[in-house]
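Here the structure comes first, spelled out in structure tokens, and everything after it is commentary.
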Amino acid sequence: MEGKITRIVSNLYRVNSNDKDFECRARGKFRHDKLTPLVGDIVEFDPINCYILDIKPRINSLERPTIANIDSALIVTSVKKPDLSLNLLDKELVLCISNNIEPIIVFTKIDLLSKSELNKIKSIMKYYTKIGIKVTTNRSLYKLKRLIKNKTLVLTGQTGAGKSSLLNKLDKNLNLETNEISEALGRGKHTTRHVELFNYKSSFIADTPGFSSLDLTNLSKDDIKSTFKEFNKVSCPYKDCSHTNESECNVKKLVKNKKIMKSRYENYIKFIKELK
Ligand SMILES: Nc1nc2c(ncn2[C@@H]2O[C@H](COP(=O)(O)OP(=O)(O)O)[C@@H](O)[C@H]2O)c(=O)[nH]1
Ligand SMILES: [Mg+2]
Ligand SMILES: [Zn+2]
């Protein structure tokens, strides 16, 4: 039978197949091949003796959290408490896109905004949508459900952004704890936080704090540049323009003309400088 590993505790692998869980062990063969089954792996297994027989090729794998075959990431981004950080959002976008993970931005706490603040957020949402990124809010559950259908997803976002609340909204049975304080305490108590995928209809969602390490050091300048989708459509006089110090750069012109969001450009420059 074929299934998906949703949880690993010591040497027990939980394999979900047709809505049923099987607690399996892995064959010694994997240790030989230096191949460790990961949460998210699609495996062939023996449902009678509960042994994992084979691991299907991965589409990708992340290290922190350790997880394989991620289609999309829900980038949970609060607009207040904690305040909106476009720097963090853009960084998460770079990490997703460079790992071939489809980003889905979910803005939260819109209800805490004044009217003028709301208009600002709306124009930010419009911009990200325009450059081809999926954007929704935690109030549009219907849209969100459509966006996550048949996918394996990770949640990412700051503590207090509303990740657990969002999962609870999707699935009332989950009952995840939802406040900063309990989470902060929990983090201290459980030093090893293992990754677990929970099955929601046809989707699997990783209950993790997301990319615990938001560092770009494994990327090159070109990797970063290519994740800024709106820059790629612009042709500059220099074929390999880095859009930094070149005297003639059409990206920089578009930033001046407010066709490219200023914070996007500034974050691009910051990320490139972080590599040095
Ligand atoms: N006003 C408001 N509060 C929210 C919203 N989403 C979550 N919260 C609150 O924000 C706090 C942190 O939420 P939680 O889900 O624990 O965040 P997490 O750390 O990302 O899992 C909790 O007190 C939630 O009730 C929202 O859309 N609006
Ligand atoms: Mg939480
Ligand atoms: Zn340029």
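Residue numbering restarts at 1 in every chain; chains get A, B, ... in the order shown in the structure tokens, and ligands count up from 1 in that same order.
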
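Proximal residues of ligand 3 are Cys236, Cys241, Ser242, His243, Thr244, Glu246, Cys249, Asn250, Val251 and Lys252 of chain A, by a cut-off of 7 Å on only C-alpha atoms and all ligand atoms.
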
Return as JSON lines the residues of chain A lying at most 6 Å from ligand 2, together with the closest atom-to-atom pair for each and the distance in Å to one decimal, counting only C-alpha atoms and all ligand atoms, with rows in chain order and ascending residue number.
{"residue": "A:Lys163", "atom": "CA", "partner": "ligand 2", "partner_atom_place_in_ligand_line": "1 (Mg)", "distance": 5.4}
{"residue": "A:Ser164", "atom": "CA", "partner": "ligand 2", "partner_atom_place_in_ligand_line": "1 (Mg)", "distance": 4.1}
{"residue": "A:Thr178", "atom": "CA", "partner": "ligand 2", "partner_atom_place_in_ligand_line": "1 (Mg)", "distance": 5.6}

Do you know which residues are at most 12 Å from A:Asp41 counting only C-alpha atoms, after dropping those on the same chain fewer than 5 positions away, and could you put them as a PyMOL selection string? chain A and resi 2-8+13-16+35-36+52+54-62+66-70+152+197+204

Output file for the selection above: C-alpha atoms, as a PDB file, in the first residue's frame:
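File written: result_31.pdb
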ATOM      1  CA  GLU A   2       1.005   3.607  -0.446  1.00  0.00           C
ATOM      2  CA  GLY A   3       0.783   6.221   2.275  1.00  0.00           C
ATOM      3  CA  LYS A   4       2.268   9.384   3.693  1.00  0.00           C
ATOM      4  CA  ILE A   5       4.396   9.684   6.817  1.00  0.00           C
ATOM      5  CA  THR A   6       2.699  12.181   9.100  1.00  0.00           C
ATOM      6  CA  ARG A   7       4.693  11.774  12.295  1.00  0.00           C
ATOM      7  CA  ILE A   8       7.923  10.221  13.511  1.00  0.00           C
ATOM      8  CA  TYR A  13       6.642   6.096  11.709  1.00  0.00           C
ATOM      9  CA  ARG A  14       2.982   6.994  11.465  1.00  0.00           C
ATOM     10  CA  VAL A  15       1.775   6.341   7.931  1.00  0.00           C
ATOM     11  CA  ASN A  16      -1.560   7.726   6.797  1.00  0.00           C
ATOM     12  CA  LEU A  35      18.152   7.338   3.500  1.00  0.00           C
ATOM     13  CA  THR A  36      16.063   8.416   6.460  1.00  0.00           C
ATOM     14  CA  ILE A  52       7.972   0.721   5.407  1.00  0.00           C
ATOM     15  CA  ASP A  54      10.179   1.971  -0.046  1.00  0.00           C
ATOM     16  CA  ILE A  55      10.376   5.762  -0.166  1.00  0.00           C
ATOM     17  CA  LYS A  56       9.138   7.495  -3.301  1.00  0.00           C
ATOM     18  CA  PRO A  57      11.323  10.214  -4.824  1.00  0.00           C
ATOM     19  CA  ARG A  58      10.874  13.583  -3.074  1.00  0.00           C
ATOM     20  CA  ILE A  59       9.882  16.781  -4.799  1.00  0.00           C
ATOM     21  CA  ASN A  60      11.783  18.734  -2.138  1.00  0.00           C
ATOM     22  CA  SER A  61      12.856  18.588   1.477  1.00  0.00           C
ATOM     23  CA  LEU A  62      13.438  21.202   4.134  1.00  0.00           C
ATOM     24  CA  THR A  66      12.668  18.498   8.645  1.00  0.00           C
ATOM     25  CA  ILE A  67       9.965  17.682   6.198  1.00  0.00           C
ATOM     26  CA  ALA A  68       9.623  16.411   2.625  1.00  0.00           C
ATOM     27  CA  ASN A  69       7.319  16.996  -0.320  1.00  0.00           C
ATOM     28  CA  ILE A  70       5.989  20.413   0.598  1.00  0.00           C
ATOM     29  CA  THR A 152       0.882  19.333   1.716  1.00  0.00           C
ATOM     30  CA  LEU A 197       1.407  16.634   9.640  1.00  0.00           C
ATOM     31  CA  PHE A 204      -1.811  17.695   5.050  1.00  0.00           C
TER      32      PHE A 204
END

Test item, helix (DSSP H, G or I) assignment across stretch 9-126 of chain A, answer as a ChimeraX atom specification: /A:28-32,86-98,110-112,115-126

Between A:Leu86, A:Met1, A:Ile110, A:Met261, single out the one closest to ligand 1, counting only C-alpha atoms and all ligand atoms.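 The answer is A:Ile110, which sits nearest to ligand 1.
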
Of the candidates A:Ser98, A:Ser165, A:Asn150, A:Thr137, which one gets nearest to A:Asn179 if we count only C-alpha atoms?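 The answer is A:Ser165, which sits nearest to A:Asn179.
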
DSSP-assigned strand (DSSP E) among stretch 9-252 of chain A, expressed as a ChimeraX atom specification: /A:9,12-17,20-26,42-46,51-55,61-62,67-68,72-78,102-108,134-137,152-156,197-200,203-206

Judged by only C-alpha atoms, the minimum distance to A:Leu275 among A:Gly40, A:Thr217, A:Glu102, A:Phe231 is found for A:Thr217

Which residues of chain A come within 7 Å of ligand 1, and for each one, what is the closest pair of atoms and their distance in Å to one decimal, counting only C-alpha atoms and all ligand atoms, sorted by chain and residue number, as JSON lines?
{"residue": "A:Thr108", "atom": "CA", "partner": "ligand 1", "partner_atom_place_in_ligand_line": "27 (O)", "distance": 4.4}
{"residue": "A:Lys109", "atom": "CA", "partner": "ligand 1", "partner_atom_place_in_ligand_line": "27 (O)", "distance": 3.5}
{"residue": "A:Ile110", "atom": "CA", "partner": "ligand 1", "partner_atom_place_in_ligand_line": "27 (O)", "distance": 6.2}
{"residue": "A:Asp111", "atom": "CA", "partner": "ligand 1", "partner_atom_place_in_ligand_line": "28 (N)", "distance": 5.8}
{"residue": "A:Leu112", "atom": "CA", "partner": "ligand 1", "partner_atom_place_in_ligand_line": "1 (N)", "distance": 5.7}
{"residue": "A:Asn138", "atom": "CA", "partner": "ligand 1", "partner_atom_place_in_ligand_line": "27 (O)", "distance": 6.2}
{"residue": "A:Gly157", "atom": "CA", "partner": "ligand 1", "partner_atom_place_in_ligand_line": "20 (O)", "distance": 6.4}
{"residue": "A:Gln158", "atom": "CA", "partner": "ligand 1", "partner_atom_place_in_ligand_line": "20 (O)", "distance": 5.9}
{"residue": "A:Thr159", "atom": "CA", "partner": "ligand 1", "partner_atom_place_in_ligand_line": "19 (O)", "distance": 3.7}
{"residue": "A:Gly160", "atom": "CA", "partner": "ligand 1", "partner_atom_place_in_ligand_line": "19 (O)", "distance": 3.4}
{"residue": "A:Ala161", "atom": "CA", "partner": "ligand 1", "partner_atom_place_in_ligand_line": "20 (O)", "distance": 4.0}
{"residue": "A:Gly162", "atom": "CA", "partner": "ligand 1", "partner_atom_place_in_ligand_line": "17 (O)", "distance": 3.3}
{"residue": "A:Lys163", "atom": "CA", "partner": "ligand 1", "partner_atom_place_in_ligand_line": "20 (O)", "distance": 3.6}
{"residue": "A:Ser164", "atom": "CA", "partner": "ligand 1", "partner_atom_place_in_ligand_line": "21 (O)", "distance": 3.8}
{"residue": "A:Ser165", "atom": "CA", "partner": "ligand 1", "partner_atom_place_in_ligand_line": "15 (O)", "distance": 3.6}
{"residue": "A:Leu166", "atom": "CA", "partner": "ligand 1", "partner_atom_place_in_ligand_line": "15 (O)", "distance": 6.3}
{"residue": "A:Glu177", "atom": "CA", "partner": "ligand 1", "partner_atom_place_in_ligand_line": "16 (O)", "distance": 6.3}
{"residue": "A:Thr178", "atom": "CA", "partner": "ligand 1", "partner_atom_place_in_ligand_line": "16 (O)", "distance": 3.1}
{"residue": "A:Asn179", "atom": "CA", "partner": "ligand 1", "partner_atom_place_in_ligand_line": "16 (O)", "distance": 3.7}
{"residue": "A:Glu180", "atom": "CA", "partner": "ligand 1", "partner_atom_place_in_ligand_line": "19 (O)", "distance": 5.4}
{"residue": "A:Glu183", "atom": "CA", "partner": "ligand 1", "partner_atom_place_in_ligand_line": "19 (O)", "distance": 6.6}

Now that the selection is made, can you save its residues with all heavy atoms as a short mmCIF file (atom, residue, chain, number, x, y, z; two decimals), in the first residue's frame?
data_model
loop_
_atom_site.label_atom_id
_atom_site.label_comp_id
_atom_site.auth_asym_id
_atom_site.auth_seq_id
_atom_site.Cartn_x
_atom_site.Cartn_y
_atom_site.Cartn_z
N THR A 108 -3.58 38.24 8.96
CA THR A 108 -4.45 38.06 10.13
C THR A 108 -4.58 39.39 10.88
O THR A 108 -3.80 40.32 10.68
CB THR A 108 -3.86 37.02 11.10
OG1 THR A 108 -2.59 37.49 11.56
CG2 THR A 108 -3.68 35.66 10.43
N LYS A 109 -5.56 39.43 11.76
CA LYS A 109 -5.81 40.56 12.66
C LYS A 109 -6.18 41.85 11.92
O LYS A 109 -5.93 42.95 12.43
CB LYS A 109 -4.60 40.78 13.60
CG LYS A 109 -4.14 39.46 14.25
CD LYS A 109 -3.42 39.65 15.54
CE LYS A 109 -2.85 38.31 16.02
NZ LYS A 109 -2.29 38.40 17.37
N ILE A 110 -6.77 41.68 10.75
CA ILE A 110 -7.28 42.81 9.99
C ILE A 110 -8.30 43.58 10.83
O ILE A 110 -8.44 44.80 10.69
CB ILE A 110 -8.02 42.29 8.71
CG1 ILE A 110 -7.12 41.34 7.92
CG2 ILE A 110 -8.53 43.42 7.84
CD1 ILE A 110 -6.09 42.00 7.08
N ASP A 111 -8.99 42.85 11.70
CA ASP A 111 -10.03 43.49 12.53
C ASP A 111 -9.47 44.54 13.47
O ASP A 111 -10.21 45.38 13.98
CB ASP A 111 -10.79 42.41 13.31
CG ASP A 111 -9.85 41.50 14.11
OD1 ASP A 111 -9.04 40.76 13.50
OD2 ASP A 111 -9.90 41.55 15.34
N LEU A 112 -8.15 44.53 13.70
CA LEU A 112 -7.56 45.51 14.63
C LEU A 112 -7.17 46.82 13.95
O LEU A 112 -6.66 47.72 14.59
CB LEU A 112 -6.32 44.90 15.30
CG LEU A 112 -6.52 43.61 16.11
CD1 LEU A 112 -5.20 43.14 16.70
CD2 LEU A 112 -7.55 43.83 17.23
N ASN A 138 -7.35 35.47 7.13
CA ASN A 138 -7.91 34.39 7.95
C ASN A 138 -9.43 34.52 8.10
O ASN A 138 -10.07 33.73 8.76
CB ASN A 138 -7.23 34.32 9.33
CG ASN A 138 -7.42 35.58 10.14
OD1 ASN A 138 -7.77 36.64 9.61
ND2 ASN A 138 -7.19 35.50 11.44
N GLY A 157 5.32 31.81 10.19
CA GLY A 157 4.89 33.12 10.68
C GLY A 157 5.33 33.31 12.13
O GLY A 157 5.64 32.35 12.82
N GLN A 158 5.36 34.56 12.54
CA GLN A 158 5.84 34.90 13.88
C GLN A 158 4.97 34.30 14.97
O GLN A 158 3.78 34.06 14.75
CB GLN A 158 5.81 36.42 14.06
CG GLN A 158 6.91 37.16 13.38
CD GLN A 158 6.73 38.65 13.55
OE1 GLN A 158 5.89 39.26 12.92
NE2 GLN A 158 7.52 39.24 14.43
N THR A 159 5.54 34.11 16.14
CA THR A 159 4.76 33.74 17.31
C THR A 159 3.69 34.81 17.54
O THR A 159 4.00 35.99 17.49
CB THR A 159 5.66 33.65 18.56
OG1 THR A 159 6.64 32.67 18.31
CG2 THR A 159 4.87 33.28 19.79
N GLY A 160 2.47 34.36 17.73
CA GLY A 160 1.40 35.31 17.96
C GLY A 160 0.73 35.81 16.71
O GLY A 160 -0.22 36.58 16.76
N ALA A 161 1.20 35.35 15.55
CA ALA A 161 0.61 35.81 14.29
C ALA A 161 -0.79 35.21 14.07
O ALA A 161 -1.58 35.77 13.30
CB ALA A 161 1.52 35.45 13.12
N GLY A 162 -1.06 34.10 14.73
CA GLY A 162 -2.38 33.50 14.59
C GLY A 162 -2.39 32.17 13.85
O GLY A 162 -3.40 31.78 13.28
N LYS A 163 -1.26 31.45 13.88
CA LYS A 163 -1.17 30.16 13.18
C LYS A 163 -2.08 29.11 13.81
O LYS A 163 -2.87 28.47 13.13
CB LYS A 163 0.28 29.65 13.17
CG LYS A 163 1.24 30.56 12.43
CD LYS A 163 2.66 30.03 12.46
CE LYS A 163 3.30 30.03 13.84
NZ LYS A 163 3.45 31.38 14.42
N SER A 164 -1.95 28.94 15.13
CA SER A 164 -2.77 27.92 15.80
C SER A 164 -4.25 28.27 15.69
O SER A 164 -5.08 27.40 15.45
CB SER A 164 -2.36 27.79 17.26
OG SER A 164 -0.99 27.49 17.35
N SER A 165 -4.56 29.55 15.84
CA SER A 165 -5.96 29.97 15.72
C SER A 165 -6.50 29.62 14.34
O SER A 165 -7.65 29.19 14.21
CB SER A 165 -6.09 31.49 15.90
OG SER A 165 -5.46 31.91 17.08
N LEU A 166 -5.67 29.79 13.34
CA LEU A 166 -6.09 29.51 11.97
C LEU A 166 -6.39 28.02 11.80
O LEU A 166 -7.41 27.64 11.22
CB LEU A 166 -5.00 29.96 11.00
CG LEU A 166 -5.33 29.82 9.52
CD1 LEU A 166 -6.39 30.83 9.12
CD2 LEU A 166 -4.08 30.04 8.67
N GLU A 177 -3.62 25.12 21.43
CA GLU A 177 -3.52 26.27 22.33
C GLU A 177 -3.20 27.52 21.53
O GLU A 177 -2.39 27.48 20.61
CB GLU A 177 -2.41 26.04 23.34
CG GLU A 177 -2.86 25.21 24.51
CD GLU A 177 -1.81 25.22 25.60
OE1 GLU A 177 -1.60 26.29 26.20
OE2 GLU A 177 -1.21 24.17 25.81
N THR A 178 -3.84 28.61 21.93
CA THR A 178 -3.69 29.80 21.10
C THR A 178 -3.37 31.07 21.87
O THR A 178 -4.14 32.01 21.85
CB THR A 178 -4.98 30.10 20.31
OG1 THR A 178 -6.02 30.29 21.26
CG2 THR A 178 -5.31 29.00 19.36
N ASN A 179 -2.28 31.13 22.53
CA ASN A 179 -1.80 32.46 22.90
C ASN A 179 -0.31 32.46 23.07
O ASN A 179 0.31 31.42 23.27
CB ASN A 179 -2.52 33.00 24.14
CG ASN A 179 -2.26 32.14 25.33
OD1 ASN A 179 -1.13 32.03 25.79
ND2 ASN A 179 -3.31 31.50 25.85
N GLU A 180 0.23 33.65 22.98
CA GLU A 180 1.69 33.77 22.96
C GLU A 180 2.32 33.15 24.20
O GLU A 180 3.31 32.46 24.12
CB GLU A 180 2.10 35.25 22.89
CG GLU A 180 1.69 35.95 21.62
CD GLU A 180 0.41 36.72 21.80
OE1 GLU A 180 -0.57 36.15 22.30
OE2 GLU A 180 0.41 37.90 21.47
N GLU A 183 2.46 29.38 24.46
CA GLU A 183 3.37 28.85 23.46
C GLU A 183 4.82 29.08 23.89
O GLU A 183 5.65 28.20 23.76
CB GLU A 183 3.12 29.51 22.10
CG GLU A 183 4.03 28.95 21.04
CD GLU A 183 3.54 29.26 19.64
OE1 GLU A 183 2.70 28.49 19.13
OE2 GLU A 183 3.99 30.24 19.06
#

My list of candidates is A:Lys143, A:Lys221, A:Lys151, A:Lys258. Which is closest to A:Ala73 when distances are computed with only C-alpha atoms? A:Lys151

Test item: residues at most 10 Å from A:Asp90, only C-alpha atoms, excluding those fewer than 2 positions along its chain, as a VMD selection string: chain A and resid 85 to 88 92 to 96 227 to 228 263 to 264 267 to 268 271

Output for the residues just chosen: C-alpha atoms as a PDB file, in the first residue's frame:
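Here's the written file result24.pdb:
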ATOM      1  CA  SER A  85       6.791  43.207   8.932  1.00  0.00           C
ATOM      2  CA  LEU A  86       7.176  43.354   5.185  1.00  0.00           C
ATOM      3  CA  ASN A  87      10.824  42.450   5.655  1.00  0.00           C
ATOM      4  CA  LEU A  88       9.902  39.156   7.266  1.00  0.00           C
ATOM      5  CA  GLU A  92       9.679  34.093   3.760  1.00  0.00           C
ATOM      6  CA  LEU A  93       8.696  34.571   0.138  1.00  0.00           C
ATOM      7  CA  VAL A  94      12.327  34.276  -0.945  1.00  0.00           C
ATOM      8  CA  LEU A  95      12.741  31.067   1.059  1.00  0.00           C
ATOM      9  CA  CYS A  96       9.556  29.525  -0.344  1.00  0.00           C
ATOM     10  CA  THR A 227      12.504  35.102  -6.534  1.00  0.00           C
ATOM     11  CA  PHE A 228      11.530  38.759  -6.982  1.00  0.00           C
ATOM     12  CA  SER A 263       9.731  48.078   0.380  1.00  0.00           C
ATOM     13  CA  ARG A 264      10.137  45.161  -2.022  1.00  0.00           C
ATOM     14  CA  ASN A 267      14.231  44.314   1.107  1.00  0.00           C
ATOM     15  CA  TYR A 268      15.879  42.885  -2.000  1.00  0.00           C
ATOM     16  CA  PHE A 271      18.850  40.444   1.549  1.00  0.00           C
TER      17      PHE A 271
END

Computed interatomic separation between atom CA of A:Ile121 and atom CA of A:Thr156 (Å):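 So the two atoms, atom CA of A:Ile121 and atom CA of A:Thr156, lie 19.6 Å apart.
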
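When atom CA of A:Ala206 is paired with atom CA of A:Met125, their separation reads 24.8 Å.
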